[in-house]
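**Student:** Okay, so here is run.cif, and as you'll see once you scroll down, it has mmCIF, C-alpha atoms.
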data_target
loop_
_atom_site.label_atom_id
_atom_site.label_comp_id
_atom_site.auth_asym_id
_atom_site.auth_seq_id
_atom_site.Cartn_x
_atom_site.Cartn_y
_atom_site.Cartn_z
CA MET A 221 27.98 15.80 11.78
CA GLU A 222 24.86 14.87 9.86
CA LYS A 223 21.89 13.76 11.94
CA LEU A 224 18.65 11.95 11.28
CA ALA A 225 15.35 11.73 13.14
CA VAL A 226 13.31 8.59 13.80
CA ILE A 227 9.66 9.26 14.63
CA ASP A 228 6.90 7.01 15.92
CA THR A 229 3.31 7.80 16.88
CA GLU A 230 0.51 6.10 18.79
CA THR A 231 -3.15 6.85 18.10
CA ASN A 232 -6.35 6.76 20.16
CA TRP A 233 -9.63 5.02 19.39
CA LYS A 234 -10.56 7.90 17.04
CA ASP A 235 -7.34 7.44 15.04
CA GLU A 236 -5.99 10.72 16.42
CA VAL A 237 -2.33 11.01 17.41
CA MET A 238 -2.09 10.80 21.19
CA SER A 239 1.70 10.52 21.53
CA ILE A 240 4.83 11.24 19.49
CA GLY A 241 8.31 9.86 20.12
CA VAL A 242 11.35 11.40 18.39
CA VAL A 243 14.97 10.23 18.44
CA ILE A 244 17.82 12.29 16.97
CA ALA A 245 20.82 10.17 15.99
CA ASN A 246 24.23 10.42 14.38
CA ALA A 247 23.71 9.56 10.70
CA GLU A 248 26.99 7.62 10.54
CA THR A 249 26.93 5.60 13.77
CA PHE A 250 23.17 5.63 14.52
CA ASN A 251 24.03 6.45 18.12
CA VAL A 252 21.33 8.39 19.96
CA CYS A 253 22.01 12.11 20.47
CA LYS A 254 18.73 13.48 21.84
CA MET A 255 15.12 12.44 22.41
CA LYS A 256 11.73 14.06 22.81
CA TYR A 257 8.41 12.63 23.89
CA TYR A 258 5.00 14.27 23.65
CA ILE A 259 1.68 13.17 25.14
CA LEU A 260 -1.07 15.09 23.39
CA THR A 261 -4.01 16.38 25.35
CA PRO A 262 -6.97 16.09 25.14
CA GLU A 263 -6.37 13.33 22.52
CA TYR A 264 -4.82 10.83 24.97
CA LEU A 265 -7.85 11.16 27.29
CA GLU A 266 -9.94 9.43 24.62
CA GLY A 267 -7.99 6.25 25.29
CA GLY A 268 -6.57 3.78 22.80
CA MET A 269 -5.27 0.26 22.41
CA PHE A 270 -1.90 1.17 23.92
CA SER A 271 -2.94 3.81 26.45
CA TYR A 272 -1.39 1.68 29.20
CA ALA A 273 2.06 2.41 27.74
CA LEU A 274 1.73 6.18 27.46
CA LYS A 275 3.39 6.99 30.78
CA ILE A 276 5.70 4.05 31.34
CA LYS A 277 8.91 4.75 33.26
CA TRP A 278 12.32 4.71 31.55
CA ASP A 279 15.92 5.29 32.51
CA PHE A 280 16.78 8.00 29.99
CA ASP A 281 16.16 11.72 29.69
CA CYS A 282 13.63 12.44 26.95
CA ASN A 283 12.24 15.86 27.86
CA ALA A 284 8.71 14.43 28.08
CA GLN A 285 5.91 16.94 27.66
CA GLU A 286 2.14 16.74 28.05
CA CYS A 287 0.62 19.44 25.86
CA SER A 288 -1.72 20.26 23.01
CA ARG A 289 -1.01 19.01 19.49
CA GLU A 290 -0.37 22.56 18.32
CA ASN A 291 2.26 23.17 21.00
CA ALA A 292 3.80 19.74 20.53
CA LEU A 293 4.28 20.18 16.78
CA ALA A 294 5.61 23.71 17.20
CA ASP A 295 8.17 22.48 19.73
CA LEU A 296 9.00 19.44 17.59
CA LYS A 297 9.65 21.59 14.51
CA GLU A 298 11.96 23.79 16.55
CA PHE A 299 13.71 20.70 17.91
CA LEU A 300 14.26 19.35 14.38
CA GLN A 301 15.48 22.71 13.16
CA GLU A 302 17.95 23.07 16.04
CA ASN A 303 19.43 19.72 15.08
CA GLN A 304 19.46 20.55 11.36
CA ILE A 305 17.22 17.64 10.51
CA SER A 306 16.05 17.28 6.91
CA LYS A 307 15.42 13.51 6.87
CA ILE A 308 12.78 11.73 8.94
CA PHE A 309 12.73 7.94 9.24
CA ALA A 310 9.79 5.83 10.38
CA TYR A 311 8.77 2.19 10.25
CA ASN A 312 5.80 1.99 7.89
CA ALA A 313 6.28 5.68 7.14
CA SER A 314 2.89 5.96 5.44
CA PHE A 315 1.14 5.78 8.82
CA ASP A 316 3.17 8.46 10.60
CA TYR A 317 3.46 10.70 7.54
CA HIS A 318 -0.31 10.89 7.07
CA HIS A 319 -0.92 11.39 10.80
CA LEU A 320 1.60 14.24 10.99
CA PRO A 321 0.83 16.46 7.98
CA GLU A 322 2.59 19.33 9.77
CA LEU A 323 5.88 17.59 8.96
CA ASN A 324 5.18 16.80 5.30
CA SER A 325 7.76 19.35 4.15
CA TYR A 326 10.53 17.03 5.39
CA THR A 327 11.87 14.14 3.32
CA TRP A 328 10.54 10.92 4.83
CA TYR A 329 12.08 7.46 4.55
CA ASP A 330 10.43 4.12 5.26
CA ILE A 331 12.62 1.77 7.33
CA MET A 332 10.30 -1.10 6.42
CA ARG A 333 11.13 -0.62 2.73
CA LEU A 334 14.50 -2.27 3.36
CA ALA A 335 13.84 -4.32 6.49
CA ALA A 336 10.88 -6.32 5.16
CA TYR A 337 12.36 -7.23 1.76
CA ARG A 338 14.46 -10.35 1.20
CA GLN A 339 16.76 -8.62 -1.31
CA TYR A 340 17.77 -6.06 1.33
CA ASN A 341 17.53 -8.03 4.57
CA SER A 342 19.79 -11.11 4.59
CA LYS A 343 18.32 -12.22 7.94
CA ILE A 344 15.01 -13.11 6.30
CA PRO A 345 15.03 -16.94 5.96
CA GLN A 346 15.34 -18.46 2.50
CA ASP A 347 12.10 -20.41 3.01
CA ALA A 348 10.11 -17.36 4.19
CA ASP A 349 6.71 -16.75 2.60
CA LEU A 350 7.29 -13.79 0.28
CA CYS A 351 5.33 -11.63 -2.13
CA SER A 352 6.54 -11.43 -5.74
CA THR A 353 8.28 -8.16 -4.80
CA GLY A 354 10.41 -9.97 -2.22
CA ARG A 355 8.54 -8.53 0.75
CA LEU A 356 7.51 -10.75 3.64
CA LYS A 357 3.83 -11.64 3.48
CA ARG A 358 3.53 -11.60 7.26
CA GLY A 359 5.59 -11.04 10.38
CA PHE A 360 7.25 -7.80 9.30
CA GLY A 361 6.00 -5.53 12.11
CA VAL A 362 8.43 -3.75 14.45
CA GLU A 363 8.29 -6.49 17.09
CA CYS A 364 8.91 -9.33 14.62
CA MET A 365 11.64 -7.44 12.79
CA LYS A 366 13.37 -6.50 16.04
CA GLU A 367 13.48 -10.15 17.09
CA LEU A 368 14.66 -11.27 13.64
CA LEU A 369 17.57 -8.81 13.63
CA THR A 370 18.61 -8.85 17.29
CA GLY A 371 17.15 -12.01 18.81
CA VAL A 372 15.38 -9.83 21.40
CA GLY A 373 11.59 -9.92 21.30
CA GLY A 374 8.95 -7.55 22.63
CA GLU A 375 7.54 -4.17 21.73
CA GLN A 376 6.64 -1.49 24.28
CA HIS A 377 3.95 0.18 22.15
CA ASN A 378 5.18 3.46 23.53
CA ALA A 379 6.00 5.98 20.79
CA LEU A 380 9.45 6.89 22.14
CA CYS A 381 10.50 3.33 23.02
CA ASP A 382 9.39 2.11 19.61
CA ALA A 383 11.30 4.92 17.86
CA VAL A 384 14.42 3.85 19.78
CA ASP A 385 13.84 0.22 18.75
CA GLU A 386 13.38 1.21 15.12
CA LEU A 387 16.73 2.99 15.22
CA LEU A 388 18.87 0.66 17.35
CA CYS A 389 17.23 -2.72 16.77
CA ILE A 390 16.34 -2.41 13.08
CA MET A 391 18.23 0.37 11.26
CA LYS A 392 21.55 -0.23 13.01
CA PRO A 393 21.63 -4.05 12.60
CA LEU A 394 20.58 -3.75 8.95
CA GLY A 395 23.82 -1.87 8.36
CA TYR A 396 22.69 0.44 5.58
CA LYS A 397 23.76 4.06 5.22
CA ILE A 398 20.95 6.60 5.32
CA ASN A 399 21.44 7.33 1.61
CA ASP A 400 20.62 3.69 0.86
CA TYR A 401 17.06 4.20 2.07
CA ILE A 402 14.32 4.95 -0.42
CA PRO A 403 12.38 8.21 0.04
CA TYR A 404 8.73 7.66 0.92
CA THR A 405 6.39 8.96 -1.78
CA PRO A 406 2.75 9.41 -0.74
CA LYS A 407 0.39 7.59 -3.08
CA ASN A 408 -1.68 10.70 -3.69
CA ASN A 409 1.46 12.38 -5.05
CA ILE A 410 2.16 9.65 -7.58
CA VAL A 411 0.79 10.40 -11.02
CA ARG A 412 -0.43 7.17 -12.53
CA LYS A 413 -1.73 6.95 -16.04
CA LYS A 414 -4.87 4.86 -16.00
CA PRO A 415 -4.71 2.13 -18.66
CA ASP A 416 -6.92 2.86 -21.64
CA ILE A 417 -9.87 0.48 -21.68
CA PHE A 418 -12.60 0.49 -24.25
CA VAL A 419 -15.98 -1.15 -24.19
CA LYS A 420 -17.09 -2.37 -27.59
CA LEU A 421 -20.66 -3.48 -28.19
CA GLU A 422 -21.61 -5.37 -31.35
CA PHE A 423 -25.28 -5.70 -32.29
CA ILE A 424 -26.74 -8.51 -34.37
CA GLY A 425 -27.39 -7.57 -37.98
CA LYS A 426 -25.78 -4.17 -37.60
CA PRO A 427 -22.22 -3.27 -38.53
CA LYS A 428 -22.33 -0.42 -36.08
CA SER A 429 -20.57 -0.55 -32.74
CA TYR A 430 -19.38 1.99 -30.23
CA LYS A 431 -16.58 2.23 -27.72
CA ILE A 432 -15.91 4.14 -24.53
CA MET A 433 -12.41 4.95 -23.35
CA SER A 434 -11.88 4.43 -19.60
CA PRO A 435 -15.56 3.70 -18.88
CA THR A 436 -17.23 4.55 -15.61
CA TRP A 437 -19.06 1.85 -13.66
CA GLU A 438 -22.33 3.26 -15.02
CA ASP A 439 -21.03 2.68 -18.57
CA VAL A 440 -20.12 -0.91 -17.74
CA ILE A 441 -23.52 -1.63 -16.17
CA MET A 442 -25.34 -0.13 -19.17
CA ALA A 443 -23.18 -2.13 -21.59
CA ALA A 444 -23.76 -5.36 -19.67
CA ASP A 445 -27.50 -4.75 -19.65
CA ILE A 446 -27.47 -4.43 -23.47
CA LEU A 447 -26.40 -8.08 -23.56
CA LYS A 448 -29.89 -8.99 -22.39
CA ALA A 449 -31.49 -7.46 -25.49
CA ASN A 450 -30.35 -10.27 -27.78
CA SER A 451 -28.39 -13.48 -27.23
CA ASN A 452 -26.15 -12.56 -30.18
CA ASN A 453 -24.97 -9.33 -28.66
CA ILE A 454 -21.34 -9.30 -27.61
CA LEU A 455 -19.51 -7.14 -25.09
CA ILE A 456 -15.73 -6.88 -25.26
CA MET A 457 -13.52 -5.11 -22.73
CA GLU A 458 -9.88 -4.63 -23.56
CA CYS A 459 -6.96 -3.04 -21.78
CA LEU A 460 -4.87 -0.83 -24.05
CA PRO A 461 -1.97 -1.08 -23.65
CA VAL A 462 -2.05 -4.52 -22.05
CA LEU A 463 -0.95 -3.78 -18.48
CA ARG A 464 -2.85 -6.56 -16.74
CA ASN A 465 -2.56 -10.31 -16.90
CA ILE A 466 -5.96 -10.50 -18.58
CA ALA A 467 -5.76 -8.73 -21.95
CA GLN A 468 -9.42 -9.06 -22.85
CA ILE A 469 -12.79 -10.06 -21.43
CA LYS A 470 -15.56 -11.14 -23.78
CA ALA A 471 -19.15 -11.60 -22.56
CA TYR A 472 -21.77 -13.12 -24.87
CA GLY A 473 -24.62 -15.59 -25.27
CA TYR A 474 -27.12 -14.24 -22.75
CA GLU A 475 -29.72 -16.93 -22.07
CA HIS A 476 -31.98 -17.72 -19.11
CA GLY A 477 -30.24 -15.26 -16.79
CA SER A 478 -26.69 -16.37 -17.55
CA ILE A 479 -23.88 -15.36 -19.92
CA CYS A 480 -20.70 -16.92 -21.28
CA VAL A 481 -17.45 -15.20 -20.34
CA ASP A 482 -14.02 -15.62 -21.96
CA LEU A 483 -10.86 -14.33 -20.32
CA LYS A 484 -7.99 -13.96 -22.77
CA TYR A 485 -4.32 -14.00 -21.74
CA ASP A 486 -1.80 -13.04 -24.42
CA ASN A 487 1.25 -15.27 -24.72
CA ALA A 488 3.45 -13.38 -27.17
CA LEU A 489 6.47 -15.69 -26.87
CA LYS A 490 4.57 -18.68 -28.25
CA ASN A 491 2.33 -16.66 -30.57
CA THR A 492 -0.66 -18.08 -28.76
CA ALA A 493 -3.40 -16.83 -26.51
CA ILE A 494 -4.74 -18.61 -23.43
CA VAL A 495 -8.52 -18.39 -23.09
CA LEU A 496 -10.40 -19.23 -19.90
CA ARG A 497 -14.10 -19.90 -20.42
CA LYS A 498 -17.01 -20.19 -18.02
CA LYS A 499 -20.77 -19.71 -17.90
CA LEU A 500 -21.80 -17.28 -15.15
CA SER A 501 -25.00 -15.89 -13.80
CA PHE A 502 -25.70 -12.46 -15.26
CA ALA A 503 -25.10 -10.85 -11.84
CA ASP A 504 -21.73 -12.58 -11.41
CA GLY A 505 -20.75 -11.75 -14.98
CA ARG A 506 -21.54 -8.09 -14.54
CA ARG A 507 -19.64 -8.03 -11.24
CA LEU A 508 -16.62 -9.54 -13.01
CA LEU A 509 -16.76 -6.79 -15.66
CA LEU A 510 -16.94 -4.11 -12.98
CA ASP A 511 -13.98 -5.63 -11.11
CA TYR A 512 -11.93 -5.71 -14.30
CA ASN A 513 -12.79 -2.09 -15.00
CA LYS A 514 -11.57 -1.16 -11.50
CA GLY A 515 -8.34 -3.08 -11.93
CA LYS A 516 -9.23 -5.71 -9.34
CA ARG A 517 -7.88 -9.25 -9.43
CA ILE A 518 -10.22 -11.67 -11.20
CA ASP A 519 -11.03 -15.02 -9.56
CA ILE A 520 -10.48 -17.64 -12.28
CA CYS A 521 -11.55 -20.63 -10.17
CA GLY A 522 -13.64 -23.07 -12.22
CA PHE A 523 -12.81 -21.65 -15.67
CA ASP A 524 -12.04 -24.10 -18.51
CA ILE A 525 -8.69 -23.49 -20.23
CA GLU A 526 -8.18 -23.37 -24.01
CA LEU A 527 -4.98 -22.55 -25.95
CA LYS A 528 -5.53 -20.68 -29.22
CA ASN A 529 -3.09 -19.88 -32.01
CA LYS A 530 -2.96 -16.24 -33.01
CA PRO A 531 -3.67 -15.44 -36.65
CA GLU A 532 -0.53 -14.78 -38.71
#
Once you've parsed the file, please lay out its structure as structure tokens.
**Tutor:**
Amino acid sequence: MEKLAVIDTETNWKDEVMSIGVVIANAETFNVCKMKYYILTPEYLEGGMFSYALKIKWDFDCNAQECSRENALADLKEFLQENQISKIFAYNASFDYHHLPELNSYTWYDIMRLAAYRQYNSKIPQDADLCSTGRLKRGFGVECMKELLTGVGGEQHNALCDAVDELLCIMKPLGYKINDYIPYTPKNNIVRKKPDIFVKLEFIGKPKSYKIMSPTWEDVIMAADILKANSNNILIMECLPVLRNIAQIKAYGYEHGSICVDLKYDNALKNTAIVLRKKLSFADGRRLLLDYNKGKRIDICGFDIELKNKPE
């Protein structure tokens, strides 16, 4: 019989783990097999938002222990090994994974990755406010999800009770097999290729220009400052390949502490480009260039819109 583990943690005011709840369950039926609960000392003595729930009474046997983190994790690893656990499930797995690095060798799965997305959770209302990915924009915490799936509200904010809820009130009602869940991949383990961006500066009366691939913020500030030298200087930032909505930013026409800024959106289907244009203070313009370089979303409020045909 294959088993799975559901883990939940609570932290103190210093963001240190002060309790760990673990539920071992049958991977086919999701019925509870065994439970463990650890209160970590001295961490719990620091106090936290949910300290009041650390030692609540329950009607089940959970082998509760009050011990050091080192002893708790050693015992927990042995407990997982005894039950031949290779898969750990958690709601918002990122939080528990990063707070329990001792368990990073296990394969983690995020229950929220199915529960909070409309395409996986049929109980999410059709008129719910969703992100473009299909995830709920709000109301996707354990308490809200438990009520959505079971009609029963409330969250104990006790690590063991919450682990039980995540198993019985979220995973079980969702009805997915454990192999349907998506493994959690820590962001720092994802290799992302940074889009190539170059800064091109054109100087009046000179054919010469230069470009920097993937500029630092110091490069962007220096380039923006060169705009002040002459009102005919132009600064162009492009994303190669075009991986953002804004394909190009052009800053030009420095005069009396302000610059003109064009934001260009490519529209390949219609062989046109959409250009948003606005005059900004030099400080705001430079901040916009820095935000673009960092991949941040650009506020286009107040920009004039122009549609341009691309050259054949």
**Student:** Using only C-alpha atoms, which of A:Leu350, A:Ile494, A:Cys381, A:Ala273 sits nearest Thr231 in chain A?
**Tutor:**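 Ranked by minimum distance to Thr231 in chain A, first place goes to A:Ala273.
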**Student:** Identify, on the basis of all atoms listed in the file, every residue whose closest approach to Met365 in chain A does not exceed 10 Å; exclude the query and any residue fewer than 6 positions from it along the same chain; express the result as a ChimeraX atom specification.
**Tutor:** /A:332,335-336,343-344,359,371-373,385-386,389-390
**Student:** Taking every listed atom of range 428-447 of chain A and adding 8 Å to each side, what centre and edge lengths in Å (one decimal) does the axis-aligned box have, as lines of an AutoDock Vina configuration file?
**Tutor:**
center_x = -19.7
center_y = -1.6
center_z = -24.9
size_x = 31.6
size_y = 29.0
size_z = 38.4
**Student:** Please indicate the distance in Å from CA of Ala493 in chain A to CA of Cys351 in chain A, rounded to one decimal place.
**Tutor:**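 Interatomic distance here is 26.4 Å.
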**Student:** Residues near range 317-324 of chain A, anyone? I mean within 8 Å using only C-alpha atoms, not counting same-chain ones fewer than 2 positions away, as a list in words.
**Tutor:** Glu236, Val237, Leu293, Lys297, Ala313, Ser314, Phe315, Tyr326, Thr327 and Trp328 of chain A
**Student:** Pick the closest to Asn251 in chain A from A:Val362, A:Met269, A:Cys287, A:Met221: which is it, counting only C-alpha atoms?
**Tutor:**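 Among the listed residues, A:Met221 lies closest to Asn251 in chain A.
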**Student:** Taking the file as shown, what set of residues would the PyMOL selection byres ((chain A and resi 525) around 6) give back, as a PyMOL selection string?
**Tutor:** chain A and resi 495-496+524+526
**Student:** For Arg507 in chain A, which residue out of A:Glu290, A:Asp445, A:Asp235, A:Glu222 is the nearest one, using all atoms listed in the file?
**Tutor:**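 Nearest candidate to Arg507 in chain A out of A:Glu290, A:Asp445, A:Asp235, A:Glu222: A:Asp445.
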**Student:** Here is a test: counting only C-alpha atoms, which residue of A:His476, A:Ser306, A:Pro393, A:Ala284 is nearest to Glu367 in chain A?
**Tutor:**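 For Glu367 in chain A, the nearest of the candidates is A:Pro393.
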**Student:** Extract, using all atoms listed in the file, all DNA, RNA and protein residues at most 12 Å from range 374-377 of chain A, discarding same-chain residues fewer than 5 positions from it, and format them as a VMD selection string.
**Tutor:** chain A and resid 228 to 231 239 to 241 268 to 278 361 to 368 382 to 386 389
